[in-house]
Amino acid sequence: MINPTSHFEDFELAHSLFDLRIDKIPIWERLRFRIFRQIKQQNGTGQAHTGVGDDWRDYVRGTGLFLKNFVVNNPYLASESDVLYIGHHRRKKRDDGYWWDTYCDPVHETCDYDYAHFEKAHMLEHHQPARTSNLRYLDLIEYSGNIQRMLGVNKPTIPNVARTQLESAQDAIREQFGADVDLVTMARETLHVRRTTLPLYRRLLERVNPELAVVVVSYGREPFIEACKEQDIPVVELQHGVIHEHHFGYLYSGPRTKETFPDYLLTFGDFWKDSFEFPIPDDRVVSVGYPYLEESVDKYDDVNTRDQLLFISQGTIGEQLSKFAMEVEQHPEIDHEIVYKLHPGEYDRWEDEYPWLLEADFEIVDSSEPPLYKLFSESNVQVGVGSTAVYEGLCFNLETFVYENSSVLQPLVDEGSAAVVSTADELASALGNKSRSFNRDYYFTPKATQRACETIQRLAEDGTVYNSGTF
């Protein structure tokens, strides 16, 4: 199996892909994250999230969302607001019965400014009741673009010079990484998305007239960010997950850059700010914390902990990790209760992809209940691979193990907050044998809600940010 992570950056520079422009657009910056993910998947990495397919029923449901959005939560009926949010489409149901955008709603609940919140559908639905006030949907924009593309409206062409360069890069990907990736088609589709949605985002911004735009995920939102930059509206991104040395949605080292990167990145903590090179000045990367995590640690503070070993699954390595959990469950020296927490992207497919878990003699959690943070609070050990949840679990003082070698969690291993295990025997030997410390404040800056509110408000008002010494 080829490991693409160590050579991908060399490949993209060798082929001058950051210099390639089509319709004056630097196309590679909009492609590289998806291309790298495809290369990894073709080299044995599992699927991170379930996607919407090409089934006719999906087209019918998408058309239904498009038509419904004319009446329900129409984005073009939003009021003028100081701040425009595009939140995270995957919500979590909390024990108050509401579906929360966990990155935005804790901030909305506290901050004192006018905002309009927009979201796209998740798996062709919007979870209700949503906690978010002033909520509007993006279905009119998303599916209007889809309809135009299906009809061939404003379809771009790839000039011969660009086509030759892309085909040369395709051949190199096949030779160096053993993957077949159709760069020409991906470039054409990306440009088509831009042509069909950019005018719609321009109209949305004219309607809301915000002083600031906030996004939770920037990659894949390039047409929206481009529209903001055209109208001199600063864009802020809230960190939503692990940023690591091979996350090509964020990292643009050396001569690489991204014109449609947000103007500011608000990170969970100084670790994320200090460790990586982003395509914006350092003073525009600001540590504010993670409000939802901070609130949840306090909320579950009085839950009794027991000898419970929590596996944190994710689609990219769910097959291997679930088999490891089965081995651990059979180990005679491990008497912890085992809970296997599936990632939301695995909920609807684990029975087909990990059928051995159907025979497991331990709990499989394949829904939002019980909440992940409650599982953290009642457990004393966790095993994971590359999820943000592993970092979050350390805030609940869990003894932490990394299954096999994970570059995503390598910083935790290097500093001694976690240990690597690859067999059930290794885990049995390591359990409880070492006291590990985790600098929570370095990874997750405290007073998170206050920091996020005041930073966003200051950016909306005058384009300045607080430094850490003001809190």
# chains A, B, ... in the order shown; residues from 1 in each chain; ligands from 1
$ closest_atom_pairs --of "segment 243-332 of chain A" --to "segment 375-390 of chain A" --cutoff "9 Å" --atoms "only C-alpha atoms" --output "tab-separated table"
residue	atom	partner	partner_atom	distance
A:Ile243	CA	A:Thr388	CA	8.8
A:Val297	CA	A:Ser377	CA	8.0
A:Tyr300	CA	A:Ser377	CA	6.2
A:Asp301	CA	A:Ser377	CA	7.2
A:Asp302	CA	A:Ser377	CA	8.5
A:Val303	CA	A:Ser377	CA	6.1
A:Asn304	CA	A:Glu378	CA	5.7
A:Thr305	CA	A:Glu378	CA	4.1
A:Arg306	CA	A:Ser379	CA	5.7
A:Asp307	CA	A:Asn380	CA	5.9
A:Gln308	CA	A:Ser379	CA	4.6
A:Leu309	CA	A:Val381	CA	4.7
A:Leu310	CA	A:Gln382	CA	4.6
A:Phe311	CA	A:Val383	CA	4.9
A:Ile312	CA	A:Gly384	CA	4.9
A:Ser313	CA	A:Gly384	CA	6.7
A:Gln314	CA	A:Ser387	CA	7.2
A:Ile317	CA	A:Val385	CA	7.7
A:Leu321	CA	A:Gly384	CA	8.1
$ write_last_selection --atoms "C-alpha atoms" --output "PDB file, in the first residue's frame"
ATOM      1  CA  ILE A 243      -6.061  20.225  12.124  1.00  0.00           C
ATOM      2  CA  VAL A 297     -17.190  19.370  30.784  1.00  0.00           C
ATOM      3  CA  TYR A 300     -21.134  16.311  33.306  1.00  0.00           C
ATOM      4  CA  ASP A 301     -18.780  17.068  36.154  1.00  0.00           C
ATOM      5  CA  ASP A 302     -20.848  15.121  38.719  1.00  0.00           C
ATOM      6  CA  VAL A 303     -21.275  11.894  36.679  1.00  0.00           C
ATOM      7  CA  ASN A 304     -19.762   8.827  38.355  1.00  0.00           C
ATOM      8  CA  THR A 305     -16.829   7.267  36.494  1.00  0.00           C
ATOM      9  CA  ARG A 306     -16.453   3.497  36.191  1.00  0.00           C
ATOM     10  CA  ASP A 307     -14.069   1.014  34.587  1.00  0.00           C
ATOM     11  CA  GLN A 308     -15.334   1.592  31.083  1.00  0.00           C
ATOM     12  CA  LEU A 309     -13.225   1.509  27.922  1.00  0.00           C
ATOM     13  CA  LEU A 310     -14.598   3.744  25.186  1.00  0.00           C
ATOM     14  CA  PHE A 311     -13.656   3.146  21.539  1.00  0.00           C
ATOM     15  CA  ILE A 312     -13.943   6.249  19.333  1.00  0.00           C
ATOM     16  CA  SER A 313     -14.633   5.036  15.803  1.00  0.00           C
ATOM     17  CA  GLN A 314     -14.459   6.841  12.478  1.00  0.00           C
ATOM     18  CA  ILE A 317     -10.352   3.195   9.952  1.00  0.00           C
ATOM     19  CA  LEU A 321     -10.630  -0.462  14.949  1.00  0.00           C
TER      20      LEU A 321
END
$ closest_atom_pairs --of "segment 231-315 of chain A" --to "segment 103-124 of chain A" --cutoff "12 Å" --atoms "only C-alpha atoms" --output "JSON lines"
{"residue": "A:Glu237", "atom": "CA", "partner": "A:Tyr103", "partner_atom": "CA", "distance": 10.6}
{"residue": "A:Leu238", "atom": "CA", "partner": "A:Tyr103", "partner_atom": "CA", "distance": 7.4}
{"residue": "A:Gln239", "atom": "CA", "partner": "A:Tyr103", "partner_atom": "CA", "distance": 8.3}
{"residue": "A:His240", "atom": "CA", "partner": "A:Tyr103", "partner_atom": "CA", "distance": 7.0}
{"residue": "A:Gly241", "atom": "CA", "partner": "A:Tyr103", "partner_atom": "CA", "distance": 10.2}
{"residue": "A:Leu266", "atom": "CA", "partner": "A:Tyr103", "partner_atom": "CA", "distance": 11.4}
{"residue": "A:Thr267", "atom": "CA", "partner": "A:Tyr103", "partner_atom": "CA", "distance": 11.5}
{"residue": "A:Phe268", "atom": "CA", "partner": "A:Tyr103", "partner_atom": "CA", "distance": 10.8}
{"residue": "A:Val288", "atom": "CA", "partner": "A:Val107", "partner_atom": "CA", "distance": 11.4}
{"residue": "A:Gly289", "atom": "CA", "partner": "A:Tyr103", "partner_atom": "CA", "distance": 10.7}
{"residue": "A:Tyr290", "atom": "CA", "partner": "A:Tyr103", "partner_atom": "CA", "distance": 7.6}
{"residue": "A:Pro291", "atom": "CA", "partner": "A:Pro106", "partner_atom": "CA", "distance": 6.3}
{"residue": "A:Tyr292", "atom": "CA", "partner": "A:Pro106", "partner_atom": "CA", "distance": 6.1}
{"residue": "A:Leu293", "atom": "CA", "partner": "A:Tyr103", "partner_atom": "CA", "distance": 9.3}
{"residue": "A:Glu294", "atom": "CA", "partner": "A:Pro106", "partner_atom": "CA", "distance": 10.1}
{"residue": "A:Glu295", "atom": "CA", "partner": "A:Pro106", "partner_atom": "CA", "distance": 8.5}
{"residue": "A:Ser296", "atom": "CA", "partner": "A:Pro106", "partner_atom": "CA", "distance": 10.7}
$ residues_around --residues "Leu205 of chain A" --least-positions-apart "5" --cutoff "10 Å" --atoms "only C-alpha atoms" --output "list in words"
Tyr76, Glu80, Leu84, Leu200, Pro210, Glu211, Ala213, Phe224, Ala227, Cys228, Gln231 and Ile233 of chain A
$ select_by_dssp --residues "segment 327-443 of chain A" --states "strand (DSSP E or B)" --output "number ranges by chain"
A: 337-341, 363-365, 381-384, 399-403, 419-421
$ decode --residues "segment 405-447 of chain A" --atoms "N, CA and C atoms" --output "short mmCIF file (atom, residue, chain, number, x, y, z; two decimals), in the first residue's frame"
data_model
loop_
_atom_site.label_atom_id
_atom_site.label_comp_id
_atom_site.auth_asym_id
_atom_site.auth_seq_id
_atom_site.Cartn_x
_atom_site.Cartn_y
_atom_site.Cartn_z
N ASN A 405 -0.38 3.55 14.52
CA ASN A 405 0.34 4.81 14.38
C ASN A 405 -0.54 5.84 13.70
N SER A 406 -0.80 6.94 14.37
CA SER A 406 -1.66 7.98 13.82
C SER A 406 -0.92 9.30 13.83
N SER A 407 -0.65 9.85 12.65
CA SER A 407 0.01 11.15 12.58
C SER A 407 -0.88 12.24 13.15
N VAL A 408 -2.20 12.03 13.09
CA VAL A 408 -3.12 13.03 13.59
C VAL A 408 -2.95 13.22 15.10
N LEU A 409 -2.73 12.12 15.81
CA LEU A 409 -2.60 12.18 17.27
C LEU A 409 -1.16 12.09 17.75
N GLN A 410 -0.21 12.15 16.83
CA GLN A 410 1.19 12.02 17.21
C GLN A 410 1.63 13.05 18.24
N PRO A 411 1.14 14.30 18.19
CA PRO A 411 1.54 15.25 19.23
C PRO A 411 1.20 14.77 20.64
N LEU A 412 0.07 14.08 20.79
CA LEU A 412 -0.31 13.57 22.11
C LEU A 412 0.64 12.47 22.56
N VAL A 413 1.07 11.66 21.62
CA VAL A 413 2.01 10.59 21.94
C VAL A 413 3.37 11.19 22.30
N ASP A 414 3.80 12.16 21.52
CA ASP A 414 5.11 12.77 21.75
C ASP A 414 5.20 13.43 23.12
N GLU A 415 4.13 14.06 23.56
CA GLU A 415 4.17 14.75 24.84
C GLU A 415 3.82 13.84 26.01
N GLY A 416 3.44 12.60 25.73
CA GLY A 416 3.14 11.66 26.80
C GLY A 416 1.72 11.67 27.29
N SER A 417 0.80 12.35 26.58
CA SER A 417 -0.61 12.34 26.98
C SER A 417 -1.33 11.08 26.53
N ALA A 418 -0.73 10.35 25.58
CA ALA A 418 -1.34 9.13 25.06
C ALA A 418 -0.24 8.13 24.74
N ALA A 419 -0.62 6.85 24.68
CA ALA A 419 0.32 5.78 24.33
C ALA A 419 -0.23 5.02 23.14
N VAL A 420 0.68 4.53 22.30
CA VAL A 420 0.30 3.78 21.11
C VAL A 420 0.17 2.30 21.45
N VAL A 421 -0.90 1.68 20.98
CA VAL A 421 -1.08 0.23 21.12
C VAL A 421 -1.55 -0.32 19.78
N SER A 422 -1.15 -1.55 19.49
CA SER A 422 -1.57 -2.18 18.24
C SER A 422 -2.12 -3.58 18.46
N THR A 423 -2.01 -4.10 19.69
CA THR A 423 -2.56 -5.42 20.00
C THR A 423 -3.28 -5.35 21.34
N ALA A 424 -4.15 -6.31 21.56
CA ALA A 424 -4.86 -6.38 22.83
C ALA A 424 -3.90 -6.65 23.98
N ASP A 425 -2.84 -7.42 23.73
CA ASP A 425 -1.84 -7.66 24.78
C ASP A 425 -1.16 -6.37 25.20
N GLU A 426 -0.81 -5.54 24.23
CA GLU A 426 -0.17 -4.26 24.55
C GLU A 426 -1.10 -3.38 25.38
N LEU A 427 -2.37 -3.36 25.01
CA LEU A 427 -3.32 -2.56 25.76
C LEU A 427 -3.47 -3.08 27.19
N ALA A 428 -3.57 -4.40 27.32
CA ALA A 428 -3.71 -4.99 28.65
C ALA A 428 -2.51 -4.65 29.54
N SER A 429 -1.31 -4.66 28.96
CA SER A 429 -0.10 -4.36 29.73
C SER A 429 -0.02 -2.89 30.11
N ALA A 430 -0.54 -2.03 29.26
CA ALA A 430 -0.38 -0.59 29.46
C ALA A 430 -1.46 0.02 30.35
N LEU A 431 -2.60 -0.64 30.45
CA LEU A 431 -3.71 -0.05 31.21
C LEU A 431 -3.30 0.26 32.64
N GLY A 432 -3.46 1.53 33.01
CA GLY A 432 -3.24 1.94 34.39
C GLY A 432 -1.80 1.99 34.84
N ASN A 433 -0.85 1.79 33.91
CA ASN A 433 0.55 1.70 34.31
C ASN A 433 1.29 3.02 34.29
N LYS A 434 0.70 4.04 33.69
CA LYS A 434 1.43 5.28 33.55
C LYS A 434 0.51 6.46 33.80
N SER A 435 0.99 7.38 34.60
CA SER A 435 0.25 8.61 34.85
C SER A 435 0.58 9.60 33.74
N ARG A 436 -0.43 10.05 33.04
CA ARG A 436 -0.21 10.96 31.93
C ARG A 436 -0.90 12.29 32.21
N SER A 437 -0.25 13.36 31.81
CA SER A 437 -0.82 14.70 32.01
C SER A 437 -1.19 15.30 30.67
N PHE A 438 -2.22 16.11 30.66
CA PHE A 438 -2.70 16.76 29.45
C PHE A 438 -2.91 18.22 29.75
N ASN A 439 -2.24 19.08 29.00
CA ASN A 439 -2.35 20.53 29.20
C ASN A 439 -3.60 21.02 28.49
N ARG A 440 -4.72 20.90 29.17
CA ARG A 440 -6.01 21.22 28.57
C ARG A 440 -6.06 22.66 28.05
N ASP A 441 -5.53 23.60 28.81
CA ASP A 441 -5.64 25.00 28.42
C ASP A 441 -4.83 25.31 27.16
N TYR A 442 -3.80 24.53 26.88
CA TYR A 442 -3.00 24.75 25.68
C TYR A 442 -3.75 24.31 24.43
N TYR A 443 -4.52 23.25 24.55
CA TYR A 443 -5.29 22.74 23.42
C TYR A 443 -6.65 23.41 23.30
N PHE A 444 -7.25 23.76 24.45
CA PHE A 444 -8.58 24.35 24.46
C PHE A 444 -8.56 25.56 25.41
N THR A 445 -8.42 26.73 24.82
CA THR A 445 -8.29 27.96 25.59
C THR A 445 -9.51 28.16 26.49
N PRO A 446 -9.32 28.51 27.76
CA PRO A 446 -10.46 28.70 28.68
C PRO A 446 -11.24 29.99 28.39
N LYS A 447 -12.39 30.10 29.06
CA LYS A 447 -13.32 31.22 28.88
C LYS A 447 -13.72 31.34 27.41
#
